[in-house]
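See below for the structure under consideration.
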Amino acid sequence: MSIYKHILVATDFGDECEKVAKKAIFLADNDAKVSLIHVLEPLDSIYGGEAYGATAIQLQQIQNEINKNTEGHLKKFGQKMGIPEENQHLQVGHHTKEIRRFAKENKCDLIVVGSHGRHGLGLLMGSTANSILHGAECDVLAVRVEKE
Ligand code: AMP
């Protein structure tokens, strides 16, 4: 039996994402609910209204295409990990804020996130795991993964 009831796995579809999800599934022990989340940063928040001569409409078309592809990645990865579709969530916004918000609204008691070793500037900029930890209202497990 798991000590957790609802575990949230944050994935960026990186090389290490299976390792991170497997830890969450192990901790769920066939008992806790496991939800998967990926957060997409909207293009206009990255580039502003227009970029490289693309109009807002063109940016929207690119955004729609990205959303569709990302939904496909999420579905494929969820399937591979045995996480049902209703527990797979694609959110739009700033990744750490959205992960914390989702965890709070869905009463998750553990967030599982990958964590790369960092040096130099990377260390100064901080990690996703670190930002989630600051402000999360539940446990956070940072699964150490190799630096790419
Ligand atoms: P970092 O060490 O900062 O590169 O963080 C990598 C980990 O953060 C990944 O293994 C994921 O668990 C999580 N992560 C990063 N970006 C996202 C994202 N856009 N959506 C969900 N999780 C993410």
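Each chain in the structure tokens gets a letter, A, B and so on, in the order shown; residues start at 1 in every chain, and ligands are counted from 1 in the order they appear.
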Counting only C-alpha atoms and all ligand atoms, which residues in chain A sit no more than 10 Å from ligand 1? For each one, give the nearest pair of atoms and the distance in Å, sorted by chain then residue number, as CSV.
residue,atom,partner,partner_atom_place_in_ligand_line,distance
A:Leu8,CA,ligand 1,12 (O),9.9
A:Val9,CA,ligand 1,12 (O),6.8
A:Ala10,CA,ligand 1,22 (N),3.9
A:Thr11,CA,ligand 1,22 (N),4.0
A:Asp12,CA,ligand 1,17 (C),4.3
A:Phe13,CA,ligand 1,10 (O),7.5
A:Gly14,CA,ligand 1,10 (O),6.6
A:Asp15,CA,ligand 1,10 (O),8.6
A:Glu16,CA,ligand 1,10 (O),6.6
A:Cys17,CA,ligand 1,10 (O),5.7
A:Glu18,CA,ligand 1,10 (O),9.2
A:Lys19,CA,ligand 1,10 (O),9.0
A:Val20,CA,ligand 1,10 (O),6.7
A:Ala21,CA,ligand 1,12 (O),8.6
A:Leu36,CA,ligand 1,21 (C),8.6
A:Ile37,CA,ligand 1,21 (C),5.7
A:His38,CA,ligand 1,20 (N),3.8
A:Val39,CA,ligand 1,20 (N),3.9
A:Leu40,CA,ligand 1,19 (N),5.5
A:Glu41,CA,ligand 1,19 (N),7.0
A:His89,CA,ligand 1,21 (C),9.8
A:Leu90,CA,ligand 1,20 (N),8.4
A:Gln91,CA,ligand 1,20 (N),8.3
A:Val92,CA,ligand 1,19 (N),8.9
A:Gly93,CA,ligand 1,19 (N),8.8
A:His94,CA,ligand 1,19 (N),7.8
A:His95,CA,ligand 1,19 (N),5.0
A:Thr96,CA,ligand 1,23 (C),7.5
A:Glu98,CA,ligand 1,20 (N),8.5
A:Ile99,CA,ligand 1,21 (C),7.0
A:Ile111,CA,ligand 1,12 (O),9.1
A:Val112,CA,ligand 1,12 (O),6.7
A:Val113,CA,ligand 1,12 (O),3.6
A:Gly114,CA,ligand 1,10 (O),3.3
A:Ser115,CA,ligand 1,2 (O),3.9
A:His116,CA,ligand 1,2 (O),4.1
A:Gly117,CA,ligand 1,2 (O),7.2
A:Arg118,CA,ligand 1,2 (O),8.0
A:Gly122,CA,ligand 1,3 (O),9.0
A:Leu123,CA,ligand 1,3 (O),9.9
A:Met125,CA,ligand 1,3 (O),9.1
A:Gly126,CA,ligand 1,3 (O),7.0
A:Ser127,CA,ligand 1,3 (O),3.7
A:Thr128,CA,ligand 1,3 (O),3.8
A:Ala129,CA,ligand 1,8 (O),6.1
A:Asn130,CA,ligand 1,3 (O),8.0
A:Ser131,CA,ligand 1,3 (O),8.6
A:Ile132,CA,ligand 1,8 (O),9.1
A:Leu141,CA,ligand 1,12 (O),9.8
A:Ala142,CA,ligand 1,12 (O),8.1
A:Val143,CA,ligand 1,10 (O),7.9
A:Arg144,CA,ligand 1,2 (O),8.5
A:Val145,CA,ligand 1,10 (O),7.8
A:Glu146,CA,ligand 1,2 (O),9.5
A:Lys147,CA,ligand 1,2 (O),8.4
A:Glu148,CA,ligand 1,4 (O),9.3
Using DSSP on the backbone coordinates, identify the residues of chain A assigned to strand (DSSP E); present them as JSON, numbers by chain. {"A": [6, 7, 8, 9, 10, 33, 34, 35, 36, 37, 38, 39, 40, 88, 89, 90, 91, 92, 110, 111, 112, 113, 114, 115, 116, 139, 140, 141, 142, 143, 144, 145]}
Excluding Lys75 of chain A and its own-chain neighbours fewer than 2 positions away, which residues fall within 12 Å of it when counting only C-alpha atoms? Please give them as a list of chain:residue names. A:Phe13, A:Leu36, A:Ile37, A:His38, A:Lys68, A:Asn69, A:Thr70, A:Glu71, A:Gly72, A:His73, A:Phe77, A:Gly78, A:Gln79, A:Lys80, A:Met81, A:Gly82, A:Ile83, A:Pro84, A:Glu85, A:Glu86, A:Asn87, A:Gln88, A:His89, A:Leu90
Which residue of A:His6, A:Lys76, A:Lys23, A:Lys97 approaches Gly135 of chain A most closely, using only C-alpha atoms: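 Checking each of A:His6, A:Lys76, A:Lys23, A:Lys97 against Gly135 of chain A, counting only C-alpha atoms, the winner is A:Lys97.
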